[in-house]
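Visitor: Pasting my_file24.cif here (mmCIF, C-alpha atoms):
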```
data_my_file
loop_
_atom_site.label_atom_id
_atom_site.label_comp_id
_atom_site.auth_asym_id
_atom_site.auth_seq_id
_atom_site.Cartn_x
_atom_site.Cartn_y
_atom_site.Cartn_z
CA MET A 1 181.86 231.67 122.27
CA SER A 2 185.29 232.30 120.74
CA ASP A 3 186.93 232.64 124.18
CA TYR A 4 185.25 229.52 125.54
CA GLN A 5 187.37 226.53 126.47
CA THR A 6 186.47 223.51 128.55
CA PHE A 7 188.12 223.79 131.95
CA THR A 8 190.79 221.46 133.24
CA ALA A 9 191.58 221.30 136.95
CA ASP A 10 194.39 223.83 136.38
CA ASP A 11 191.97 226.18 134.61
CA ALA A 12 189.59 225.94 137.55
CA LYS A 13 192.41 226.83 139.97
CA HIS A 14 193.40 229.85 137.89
CA PHE A 15 189.78 231.00 137.62
CA ALA A 16 189.27 230.76 141.38
CA LEU A 17 192.57 232.47 142.17
CA SER A 18 191.78 235.34 139.79
CA HIS A 19 188.38 236.10 141.29
CA ALA A 20 188.41 235.08 144.96
CA ASP A 21 189.54 237.17 147.90
CA ALA A 22 189.80 233.95 149.90
CA PHE A 23 192.93 232.89 148.00
CA ARG A 24 196.38 234.51 147.75
CA ASP A 25 198.91 234.33 144.92
CA ASN A 26 201.26 232.13 146.95
CA ASP A 27 198.55 229.64 147.94
CA GLN A 28 199.10 226.05 146.94
CA LEU A 29 195.73 225.30 145.36
CA GLU A 30 194.23 221.92 144.61
CA ALA A 31 191.26 221.34 142.30
CA GLU A 32 189.14 218.22 142.16
CA GLU A 33 186.28 217.58 139.74
CA PHE A 34 183.29 215.96 141.41
CA GLY A 35 179.61 215.32 140.80
CA ASP A 36 177.90 213.28 138.11
CA GLY A 37 175.95 216.00 136.34
CA ASN A 38 175.39 215.73 132.61
CA LEU A 39 175.39 219.43 131.81
CA ASN A 40 178.32 220.92 133.76
CA LEU A 41 181.83 220.56 135.09
CA VAL A 42 182.09 221.17 138.83
CA PHE A 43 185.41 221.61 140.67
CA ARG A 44 186.21 222.11 144.34
CA VAL A 45 189.26 224.39 144.64
CA LYS A 46 190.97 224.62 148.03
CA ASN A 47 194.17 225.98 149.54
CA GLN A 48 196.54 224.54 152.14
CA GLN A 49 194.55 226.17 154.97
CA GLY A 50 191.43 224.24 153.92
CA ARG A 51 189.51 227.21 152.53
CA SER A 52 187.55 226.08 149.49
CA LEU A 53 185.27 227.39 146.74
CA ILE A 54 183.29 225.83 143.89
CA VAL A 55 183.88 226.47 140.19
CA LYS A 56 181.03 225.44 137.91
CA GLN A 57 181.27 225.59 134.13
CA ALA A 58 178.46 224.93 131.65
CA LEU A 59 179.33 222.43 128.93
CA PRO A 60 178.14 223.12 125.38
CA TYR A 61 176.56 219.66 125.17
CA ALA A 62 174.99 216.97 127.36
CA ARG A 63 177.74 214.65 128.59
CA CYS A 64 175.47 211.61 128.70
CA VAL A 65 174.94 211.92 124.92
CA GLY A 66 177.92 213.90 123.68
CA GLU A 67 178.30 216.67 121.14
CA SER A 68 175.30 215.37 119.18
CA TRP A 69 173.12 217.02 121.88
CA PRO A 70 174.37 220.63 121.83
CA LEU A 71 173.27 223.08 124.54
CA THR A 72 173.65 226.81 124.87
CA ILE A 73 176.17 227.98 127.44
CA ASP A 74 173.95 231.01 128.10
CA ARG A 75 172.33 228.86 130.77
CA ALA A 76 175.33 229.74 132.98
CA ARG A 77 174.23 233.38 132.77
CA ILE A 78 170.68 232.35 133.65
CA GLU A 79 171.91 230.37 136.64
CA ALA A 80 174.23 233.11 137.90
CA GLU A 81 171.62 235.84 137.54
CA VAL A 82 168.82 233.78 139.12
CA LEU A 83 171.05 232.95 142.08
CA LEU A 84 172.17 236.57 142.41
CA ARG A 85 168.56 237.79 142.24
CA HIS A 86 167.31 235.17 144.67
CA GLY A 87 170.34 235.81 146.85
CA ARG A 88 169.35 239.44 147.25
CA LEU A 89 165.81 238.43 148.17
CA CYS A 90 166.67 235.50 150.44
CA PRO A 91 170.43 235.43 151.11
CA GLU A 92 170.22 233.02 154.03
CA HIS A 93 168.90 230.20 151.82
CA THR A 94 170.62 230.83 148.46
CA VAL A 95 174.15 229.77 147.60
CA LYS A 96 176.43 232.82 147.32
CA VAL A 97 177.75 233.64 143.84
CA LEU A 98 181.15 235.36 143.97
CA HIS A 99 181.88 235.82 140.26
CA TYR A 100 180.45 234.99 136.84
CA ASP A 101 182.33 234.98 133.53
CA ALA A 102 180.04 235.07 130.49
CA ALA A 103 182.67 234.13 127.89
CA LEU A 104 183.80 231.07 129.86
CA ALA A 105 180.27 230.23 131.09
CA ALA A 106 181.80 229.76 134.53
CA ILE A 107 180.56 230.62 138.02
CA LEU A 108 182.56 230.91 141.23
CA MET A 109 180.52 230.30 144.36
CA GLU A 110 180.75 229.39 148.00
CA ASP A 111 181.42 225.79 148.94
CA LEU A 112 178.57 224.14 150.83
CA GLY A 113 180.53 220.96 151.50
CA GLN A 114 179.92 221.31 155.24
CA LEU A 115 176.23 220.64 154.53
CA GLU A 116 174.51 217.51 153.22
CA ILE A 117 172.55 217.02 150.02
CA LEU A 118 168.94 216.72 151.11
CA ARG A 119 168.10 213.72 148.94
CA SER A 120 170.96 211.62 150.28
CA ALA A 121 170.12 212.61 153.84
CA LEU A 122 166.45 211.67 153.44
CA VAL A 123 167.37 208.34 151.86
CA ALA A 124 169.46 207.70 154.98
CA GLY A 125 166.42 208.46 157.16
CA LYS A 126 167.66 211.78 158.54
CA GLN A 127 165.37 214.59 159.67
CA PHE A 128 165.77 218.36 159.58
CA PRO A 129 163.10 220.11 161.68
CA LEU A 130 163.78 223.55 160.16
CA LEU A 131 163.73 222.42 156.52
CA ALA A 132 160.10 223.24 155.71
CA ASN A 133 160.14 226.62 157.46
CA GLN A 134 163.34 227.68 155.70
CA MET A 135 162.32 226.48 152.25
CA ALA A 136 158.92 228.16 152.68
CA GLN A 137 160.74 231.43 153.27
CA TYR A 138 162.97 230.91 150.24
CA LEU A 139 160.01 230.15 147.98
CA ALA A 140 157.76 232.93 149.29
CA GLN A 141 160.40 235.66 149.19
CA THR A 142 161.87 234.82 145.79
CA LEU A 143 158.55 234.18 144.07
CA PHE A 144 156.58 237.11 145.52
CA HIS A 145 159.23 239.76 144.88
CA THR A 146 159.67 238.76 141.22
CA SER A 147 155.91 238.70 140.51
CA ASP A 148 153.24 241.13 139.28
CA PHE A 149 152.48 242.00 142.89
CA VAL A 150 155.76 243.96 142.97
CA LEU A 151 156.86 244.61 139.38
CA ASN A 152 154.99 246.92 137.04
CA GLY A 153 154.15 245.85 133.52
CA LEU A 154 157.27 247.25 131.88
CA GLN A 155 159.58 245.81 134.53
CA LYS A 156 157.93 242.41 134.42
CA LYS A 157 158.06 242.08 130.62
CA ALA A 158 161.71 243.08 130.60
CA GLU A 159 162.44 240.45 133.25
CA VAL A 160 160.54 237.77 131.37
CA ALA A 161 162.63 238.53 128.29
CA ARG A 162 165.87 238.59 130.26
CA PHE A 163 165.25 235.13 131.68
CA LEU A 164 164.00 233.39 128.56
CA ASN A 165 165.54 229.93 128.78
CA PRO A 166 164.11 228.02 125.81
CA GLU A 167 166.57 225.14 125.60
CA LEU A 168 166.40 224.10 129.24
CA CYS A 169 162.67 224.76 129.40
CA LEU A 170 162.29 222.39 126.46
CA ILE A 171 164.07 219.70 128.47
CA THR A 172 161.51 220.18 131.27
CA GLU A 173 158.62 220.30 128.81
CA ASP A 174 159.67 216.98 127.28
CA LEU A 175 160.84 215.06 130.35
CA PHE A 176 158.15 216.36 132.72
CA PHE A 177 155.00 216.56 130.61
CA THR A 178 155.46 214.57 127.39
CA ASP A 179 157.76 211.54 127.54
CA PRO A 180 156.21 209.69 130.51
CA TYR A 181 152.82 209.63 128.80
CA CYS A 182 153.98 207.89 125.62
CA ASN A 183 156.33 205.10 124.64
CA HIS A 184 159.30 207.41 124.22
CA GLU A 185 162.83 206.11 123.71
CA ARG A 186 164.15 208.37 126.48
CA ASN A 187 161.98 206.74 129.13
CA ASN A 188 163.70 204.55 131.70
CA ILE A 189 161.16 201.99 132.90
CA HIS A 190 161.82 199.01 135.12
CA GLN A 191 160.33 195.89 133.60
CA ALA A 192 158.20 195.12 136.67
CA ILE A 193 156.15 198.31 136.27
CA LEU A 194 155.86 198.29 132.48
CA PRO A 195 152.11 197.47 132.69
CA GLN A 196 151.55 200.60 134.80
CA ALA A 197 153.59 202.68 132.34
CA ARG A 198 151.43 201.41 129.48
CA GLU A 199 148.35 202.50 131.40
CA LEU A 200 149.73 206.04 131.45
CA TRP A 201 150.16 205.96 127.67
CA HIS A 202 146.45 205.21 127.20
CA ASP A 203 144.97 207.32 130.01
CA GLU A 204 143.39 210.14 128.03
CA ALA A 205 141.76 211.74 131.07
CA LEU A 206 145.11 211.99 132.84
CA GLN A 207 146.85 213.21 129.69
CA ALA A 208 144.29 215.99 129.33
CA GLU A 209 145.05 217.26 132.84
CA VAL A 210 148.80 217.02 132.24
CA ALA A 211 148.26 219.03 129.05
CA ARG A 212 146.59 221.76 131.11
CA LEU A 213 149.55 221.83 133.49
CA LYS A 214 151.98 221.91 130.57
CA ALA A 215 150.05 224.77 128.95
CA ASP A 216 150.41 226.79 132.15
CA PHE A 217 154.12 225.98 132.29
CA LEU A 218 154.43 227.32 128.76
CA SER A 219 152.28 230.42 129.15
CA LYS A 220 151.96 231.57 132.80
CA PRO A 221 155.02 233.73 133.66
CA GLN A 222 154.06 234.52 137.25
CA ALA A 223 157.50 234.79 138.86
CA LEU A 224 161.20 234.09 138.42
CA LEU A 225 161.43 230.37 139.18
CA HIS A 226 164.43 228.38 140.27
CA GLY A 227 163.00 225.84 137.84
CA ASP A 228 164.45 222.68 139.38
CA VAL A 229 163.72 222.64 143.12
CA HIS A 230 164.36 218.98 143.82
CA SER A 231 166.00 217.48 146.89
CA GLY A 232 169.31 217.13 145.04
CA SER A 233 169.45 220.92 144.65
CA ILE A 234 169.19 221.66 148.37
CA PHE A 235 172.02 221.50 150.91
CA VAL A 236 170.98 221.09 154.54
CA SER A 237 172.12 220.85 158.14
CA ALA A 238 170.29 220.89 161.44
CA LYS A 239 170.33 224.69 161.37
CA GLN A 240 170.25 225.83 157.76
CA CYS A 241 169.50 225.00 154.13
CA LYS A 242 170.72 226.55 150.89
CA VAL A 243 169.53 226.15 147.31
CA ILE A 244 171.90 225.61 144.38
CA ASP A 245 171.66 224.79 140.63
CA ALA A 246 169.29 227.37 139.15
CA GLU A 247 170.20 226.85 135.49
CA PHE A 248 166.60 225.89 134.67
CA GLY A 249 165.40 229.27 135.94
CA PHE A 250 162.79 231.22 133.96
CA TYR A 251 159.52 233.10 134.45
CA GLY A 252 156.80 230.52 134.99
CA PRO A 253 153.95 229.39 137.26
CA ILE A 254 154.67 229.79 140.97
CA GLY A 255 153.21 226.37 141.70
CA PHE A 256 155.92 224.69 139.64
CA ASP A 257 158.68 225.50 142.15
CA VAL A 258 156.47 224.73 145.14
CA GLY A 259 155.13 221.55 143.57
CA SER A 260 158.57 220.29 142.58
CA LEU A 261 159.65 220.34 146.21
CA LEU A 262 156.39 218.79 147.42
CA GLY A 263 156.83 216.05 144.82
CA ASN A 264 160.34 215.27 146.01
CA LEU A 265 159.24 214.98 149.62
CA LEU A 266 156.52 212.60 148.43
CA LEU A 267 159.08 210.58 146.46
CA SER A 268 160.99 210.19 149.71
CA TYR A 269 157.75 209.10 151.41
CA ALA A 270 157.17 206.47 148.69
CA GLY A 271 160.74 205.20 148.90
CA GLN A 272 160.56 204.68 152.65
CA PHE A 273 158.36 201.61 152.11
CA GLY A 274 161.40 199.89 150.59
CA LEU A 275 164.34 201.70 152.18
CA GLN A 276 163.37 201.20 155.82
CA GLU A 277 162.78 197.64 157.00
CA ASP A 278 161.86 198.58 160.57
CA THR A 279 158.13 199.41 160.55
CA ALA A 280 158.22 201.85 163.46
CA ALA A 281 161.20 203.74 162.01
CA ARG A 282 159.58 203.85 158.59
CA GLU A 283 156.29 205.17 159.94
CA GLN A 284 158.12 207.79 161.99
CA GLN A 285 160.08 209.00 158.95
CA GLN A 286 156.96 209.10 156.79
CA ALA A 287 155.12 211.06 159.49
CA TYR A 288 158.01 213.54 159.53
CA LEU A 289 157.82 213.94 155.74
CA LEU A 290 154.08 214.61 155.79
CA GLU A 291 154.55 217.07 158.62
CA GLN A 292 157.19 218.88 156.56
CA ILE A 293 154.84 218.97 153.57
CA GLU A 294 152.08 220.56 155.64
CA THR A 295 154.47 223.01 157.28
CA LEU A 296 156.03 223.94 153.95
CA TRP A 297 152.72 224.89 152.37
CA LEU A 298 151.22 226.56 155.45
CA ASN A 299 154.31 228.72 156.05
CA PHE A 300 154.70 229.51 152.37
CA ALA A 301 151.04 230.55 152.10
CA SER A 302 151.17 232.55 155.33
CA THR A 303 154.32 234.42 154.29
CA PHE A 304 153.12 235.00 150.74
CA ASN A 305 149.76 236.22 152.03
CA GLN A 306 151.42 238.65 154.43
CA LEU A 307 153.61 239.95 151.62
CA MET A 308 150.55 240.41 149.40
CA GLN A 309 148.78 242.37 152.13
CA THR A 310 151.71 244.62 153.02
CA GLN A 311 153.97 244.93 149.95
CA THR A 312 151.74 244.70 146.87
CA LYS A 313 152.48 247.67 144.61
CA GLU A 314 149.89 247.05 141.89
CA SER A 315 146.55 248.38 143.16
CA SER A 316 144.51 245.89 141.12
CA PHE A 317 146.12 243.02 143.01
CA ALA A 318 145.60 244.53 146.47
CA ASN A 319 142.07 243.13 146.54
CA SER A 320 141.84 240.57 149.36
CA ASN A 321 139.37 238.36 147.50
CA TYR A 322 141.70 238.17 144.53
CA GLN A 323 144.64 237.37 146.79
CA SER A 324 142.74 234.46 148.38
CA PHE A 325 141.81 233.15 144.94
CA PHE A 326 145.41 233.49 143.79
CA LEU A 327 146.83 231.45 146.66
CA GLN A 328 144.18 228.77 146.23
CA GLN A 329 145.14 228.40 142.59
CA VAL A 330 148.83 228.21 143.51
CA LEU A 331 147.98 225.30 145.82
CA ALA A 332 146.11 223.50 143.04
CA ASP A 333 148.99 224.09 140.61
CA SER A 334 151.51 222.91 143.20
CA ILE A 335 149.62 219.69 143.81
CA GLY A 336 149.39 219.02 140.07
CA TYR A 337 153.08 219.64 139.44
CA ALA A 338 153.95 217.46 142.44
CA GLY A 339 152.01 214.66 140.77
CA CYS A 340 153.92 215.19 137.52
CA GLU A 341 157.20 215.01 139.44
CA LEU A 342 156.23 211.67 141.00
CA ILE A 343 155.37 210.17 137.63
CA ARG A 344 158.32 211.47 135.62
CA ARG A 345 160.84 210.37 138.28
CA THR A 346 159.40 206.85 138.14
CA VAL A 347 159.01 206.12 134.42
CA GLY A 348 160.88 209.00 132.77
CA LEU A 349 164.54 209.52 131.95
CA ALA A 350 165.79 210.89 135.29
CA HIS A 351 165.24 208.58 138.24
CA VAL A 352 166.00 209.33 141.90
CA ALA A 353 167.88 207.56 144.67
CA ASP A 354 164.76 207.54 146.84
CA LEU A 355 163.51 204.68 144.67
CA GLU A 356 166.64 203.45 142.89
CA GLN A 357 168.44 202.55 146.11
CA ILE A 358 165.76 200.07 147.17
CA ARG A 359 167.69 196.82 146.86
CA HIS A 360 164.80 194.37 146.86
CA GLU A 361 163.44 194.61 143.31
CA PRO A 362 159.86 193.47 143.99
CA GLN A 363 159.61 195.97 146.87
CA ARG A 364 161.04 198.73 144.69
CA ALA A 365 158.38 197.94 142.10
CA ARG A 366 155.66 198.27 144.76
CA CYS A 367 157.05 201.67 145.78
CA GLU A 368 157.15 202.77 142.15
CA ARG A 369 153.54 201.71 141.66
CA PHE A 370 152.65 203.73 144.76
CA ALA A 371 154.42 206.78 143.32
CA LEU A 372 152.58 206.41 140.02
CA ALA A 373 149.20 205.94 141.70
CA LEU A 374 149.79 208.92 143.98
CA GLY A 375 150.99 211.07 141.10
CA ARG A 376 147.83 210.34 139.15
CA GLN A 377 145.61 211.10 142.15
CA LEU A 378 147.30 214.45 142.72
CA ILE A 379 147.00 215.51 139.08
CA MET A 380 143.36 214.47 138.78
CA GLN A 381 142.23 215.81 142.16
CA ARG A 382 144.31 218.99 142.38
CA GLN A 383 141.31 221.32 142.11
CA SER A 384 139.28 219.46 144.76
CA LEU A 385 142.10 219.19 147.32
CA SER A 386 141.47 222.61 148.82
CA THR A 387 143.81 222.28 151.81
CA ILE A 388 147.23 220.76 152.34
CA ALA A 389 145.74 218.57 155.08
CA GLN A 390 143.48 216.96 152.48
CA LEU A 391 146.57 216.12 150.43
CA THR A 392 148.40 214.49 153.33
CA THR A 393 145.24 212.59 154.29
CA LEU A 394 145.06 211.23 150.75
CA VAL A 395 148.70 210.10 151.00
CA ARG A 396 148.17 208.40 154.36
CA HIS A 397 145.20 206.41 153.11
CA LEU A 398 146.61 205.38 149.73
CA PRO A 399 147.48 201.67 149.98
CA LEU A 400 150.83 200.28 148.91
CA PRO A 401 150.09 198.26 145.74
CA GLU A 402 150.94 194.58 145.50
#
```
Please express the file's structure as structure tokens.

Guide:
Amino acid sequence: MSDYQTFTADDAKHFALSHADAFRDNDQLEAEEFGDGNLNLVFRVKNQQGRSLIVKQALPYARCVGESWPLTIDRARIEAEVLLRHGRLCPEHTVKVLHYDAALAAILMEDLGQLEILRSALVAGKQFPLLANQMAQYLAQTLFHTSDFVLNGLQKKAEVARFLNPELCLITEDLFFTDPYCNHERNNIHQAILPQARELWHDEALQAEVARLKADFLSKPQALLHGDVHSGSIFVSAKQCKVIDAEFGFYGPIGFDVGSLLGNLLLSYAGQFGLQEDTAAREQQQAYLLEQIETLWLNFASTFNQLMQTQTKESSFANSNYQSFFLQQVLADSIGYAGCELIRRTVGLAHVADLEQIRHEPQRARCERFALALGRQLIMQRQSLSTIAQLTTLVRHLPLPE
């Protein structure tokens, strides 16, 4: 880390100029820091013709706490290599990495500023008909081709070792599976739903199921995950979507990536009760979200199944009965992790705009109670919900709490 220095705007310009064909030595570059992330510096560097690129640098600590919470800058390598690997497998839906510098923990990548962040767009009530199809392709291609269906034992174990990411995985382990189920100081709980949070802390049946999901997260290295597929990590337009921010990447259970996205679409569904005052518009947006959830799973499963049938290299896993069992278990895992995402985004440290931007506090509390109730149902019923249609039916019939 001896060569590491925290970037200024001028450093970001120099880094981009040194490693980008898009810029020339006589360009008049501007660099602006943007974003509110706690773990990184992010700069947009552009020239006088309007061409722009993104420079992202990992900080050696969490900004929200300071240097008392140190973090390894190796996560920049993890992010760059996950994005490069996923980019080879699904280039149309992965942000393009142009250069990575290990000593500076800095990545140069394409600028997706012409697209919208999915979370903000969904909060605004926008719809993207191709979203589910495109994300299903991203998930199926990246997860299948980094799994045991393709890699032999030696390759897989080497990959697992290469993408060990203990510090960021620990953040997920704590914030996702531990903190929301106890009275932890990191939790961020609105006073109006404190009684529901206390119920979580004493719900031993729920905690047992969350423990099973956490154990799989710790010990089931099925594929190279993005590790943080939420709606703030996806850029979208009417015609395309691209995934960014893979610093939480590691080898883990396939259902975690799928479930994280399902959970974020369900958070948007829950927030619509408070974000959209017009009943017809709200119902139409919620119907769209459930349609996207069904399409996402069905297209993911169809693509993954076709890949298993045609591109499996390990003979043991070419058995069609095993492949059916495997996909069914991925669905159950995905539903469980979606439930965890709903709960941790409601009572844990990191909240989301889908709920936070509801201005009427009592209505926001009702939406948060809905998210908690739905999260619990998904975790507890994940093995009995054998189709995605059963999940969306459960969501439709779950009442909005008082």

Visitor: I'd like a table as a Markdown table: residues in region 333-377 of chain A with an atom no more than 12 Å from region 118-129 of chain A, each row giving the shortest atom pair and its distance in Å to one decimal, only C-alpha atoms counted, sorted by chain and rising residue number.

Guide:
```
| residue | atom | partner | partner_atom | distance |
| --- | --- | --- | --- | --- |
| A:Val352 | CA | A:Arg119 | CA | 8.6 |
| A:Ala353 | CA | A:Val123 | CA | 7.3 |
| A:Asp354 | CA | A:Val123 | CA | 5.7 |
| A:Leu355 | CA | A:Val123 | CA | 8.9 |
| A:Glu356 | CA | A:Val123 | CA | 10.2 |
| A:Gln357 | CA | A:Val123 | CA | 8.2 |
| A:Ile358 | CA | A:Val123 | CA | 9.6 |
```

Visitor: Kindly indicate which residue among A:Ile73, A:Ala287, A:Leu151, A:Val330 lies nearest to Asn305 (chain A), using all atoms listed in the file for the distances.

Guide: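 Selected residue with least distance to Asn305 (chain A): A:Val330.
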
Visitor: Enter the distance from CA of Ile379 (chain A) to CA of Gln284 (chain A), in Å, rounded to one decimal.

Guide: 26.6 Å

Visitor: So that I can check the surroundings of Val347 (chain A), please list as an NGL selection string every protein, DNA and RNA residue that reaches within 8 Å of it, counting only C-alpha atoms and ignoring chain neighbours fewer than 3 positions away.

Guide: :A and (180 or 187-190 or 197 or 343-344 or 351)

Visitor: Expand the PyMOL selection byres ((chain A and resi 198) around 12) into the explicit residue set it covers here, and present it as a PyMOL selection string.

Guide: chain A and resi 180-184+187+189+191-197+199-204+347+372

Visitor: Report as a ChimeraX atom specification all protein, DNA and RNA residues lying within 10 Å of region 143-146 of chain A, evaluated on only C-alpha atoms, omitting residues in the same chain fewer than 6 positions from it.

Guide: /A:85-86,89,137,155-156,159-160,222-226,251-255,257-258,303-305,307-308,311-312

Visitor: Can you tell me, as a list in words, what residues are no more than 10 Å from Asp10 (chain A) when counting only C-alpha atoms, ignoring any on the same chain fewer than 6 positions away?

Guide: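 Surrounding residues, per the criterion: Ala16, Leu29, Glu30, Ala31, Glu32 and Val45 of chain A.
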
Visitor: What separation in Å, quoted to one decimal, exists between CA of Asp111 (chain A) and CA of Leu53 (chain A)?

Guide: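 Here the two named atoms are 4.7 Å from each other.
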
Visitor: Neighbours of Leu98 (chain A) within 12 Å (all atoms listed in the file; same-chain residues fewer than 2 positions away dropped), as a PyMOL selection string?

Guide: chain A and resi 15-22+53-56+80-81+83-84+87+95-96+100-101+106-111

Visitor: As an exercise, work out the distance from CA of Phe177 (chain A) to CA of Gly271 (chain A) in Å and give it to one decimal place.

Guide: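 Computing the Euclidean distance for CA of Phe177 (chain A) and CA of Gly271 (chain A) yields 22.3 Å.
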
Visitor: To box region 276-283 of chain A, take all atoms listed in the file, fit an axis-aligned box, add 3 Å on each side, and give centre and edge lengths in Å to one decimal, as AutoDock Vina command-line options.

Guide:
```
--center_x 159.8 --center_y 201.4 --center_z 159.6 --size_x 13.1 --size_y 13.5 --size_z 13.6
```

Visitor: Can you work out which one of A:Asn299, A:Thr178, A:Asn40, A:Ser68 has the shortest atom-to-atom distance to Ala211 (chain A), counting all atoms listed in the file?

Guide: A:Thr178

Visitor: How would you write, as a list in words, the residues chosen by the PyMOL selection byres ((chain A and resi 231) around 9) on this structure?

Guide: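 After applying the PyMOL selection byres ((chain A and resi 231) around 9), what remains is Ile117, Leu118, Arg119, Ser120, Leu122, Val229, His230, Gly232, Ser233, Ile234, Phe235, Leu261, Asn264 and Leu265 of chain A.
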
Visitor: Could you tell me which residues the PyMOL selection byres ((chain A and resi 240) around 12) grabs in this file, written as a ChimeraX atom specification?

Guide: /A:91-95,112,114-118,128-135,137-138,234-239,241-243

Visitor: Restricted to C-alpha atoms, what would the selected residues look like written as a tab-separated table (two decimals), keeping the file's coordinate frame?

Guide:
```
chain	number	residue	atom	x	y	z
A	91	PRO	CA	170.43	235.43	151.11
A	92	GLU	CA	170.22	233.02	154.03
A	93	HIS	CA	168.90	230.20	151.82
A	94	THR	CA	170.62	230.83	148.46
A	95	VAL	CA	174.15	229.77	147.60
A	112	LEU	CA	178.57	224.14	150.83
A	114	GLN	CA	179.92	221.31	155.24
A	115	LEU	CA	176.23	220.64	154.53
A	116	GLU	CA	174.51	217.51	153.22
A	117	ILE	CA	172.55	217.02	150.02
A	118	LEU	CA	168.94	216.72	151.11
A	128	PHE	CA	165.77	218.36	159.58
A	129	PRO	CA	163.10	220.11	161.68
A	130	LEU	CA	163.78	223.55	160.16
A	131	LEU	CA	163.73	222.42	156.52
A	132	ALA	CA	160.10	223.24	155.71
A	133	ASN	CA	160.14	226.62	157.46
A	134	GLN	CA	163.34	227.68	155.70
A	135	MET	CA	162.32	226.48	152.25
A	137	GLN	CA	160.74	231.43	153.27
A	138	TYR	CA	162.97	230.91	150.24
A	234	ILE	CA	169.19	221.66	148.37
A	235	PHE	CA	172.02	221.50	150.91
A	236	VAL	CA	170.98	221.09	154.54
A	237	SER	CA	172.12	220.85	158.14
A	238	ALA	CA	170.29	220.89	161.44
A	239	LYS	CA	170.33	224.69	161.37
A	241	CYS	CA	169.50	225.00	154.13
A	242	LYS	CA	170.72	226.55	150.89
A	243	VAL	CA	169.53	226.15	147.31
```

Visitor: Check the smallest atom-to-atom distance from each of A:Ala373, A:Ile293, A:Val97, A:Ala161 to Ile244 (chain A) using only C-alpha atoms, then report the winner.

Guide: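 Closest residue, counting only C-alpha atoms: A:Val97.
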
Visitor: Identify, on the basis of only C-alpha atoms, every residue whose closest approach to Phe217 (chain A) does not exceed 9 Å; exclude the query and any residue fewer than 4 positions from it along the same chain; express the result as a list in words.

Guide: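 So, after excluding close chain neighbours, the residues are Glu173, Arg212, Leu213, Pro221, Gly252, Pro253 and Phe256 of chain A.
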
Visitor: Using all atoms listed in the file, pick whichever of A:Glu402, A:Glu291, A:Glu341, A:Glu277 has the shortest atom-to-atom distance to Arg369 (chain A).

Guide: A:Glu402

Visitor: Under the rule that all atoms listed in the file are counted, which of A:Gln363, A:Gln272, A:Gln381, A:Thr279 is the nearest residue to Ala338 (chain A)?

Guide: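 Ranking A:Gln363, A:Gln272, A:Gln381, A:Thr279 by distance to Ala338 (chain A), first place goes to A:Gln381.
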
Visitor: Between A:Thr392, A:Leu104, A:Ser324, A:Gly263, which has the minimum distance to Glu294 (chain A) (counting only C-alpha atoms)?

Guide: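 With only C-alpha atoms as the atom set, the closest residue is A:Thr392.
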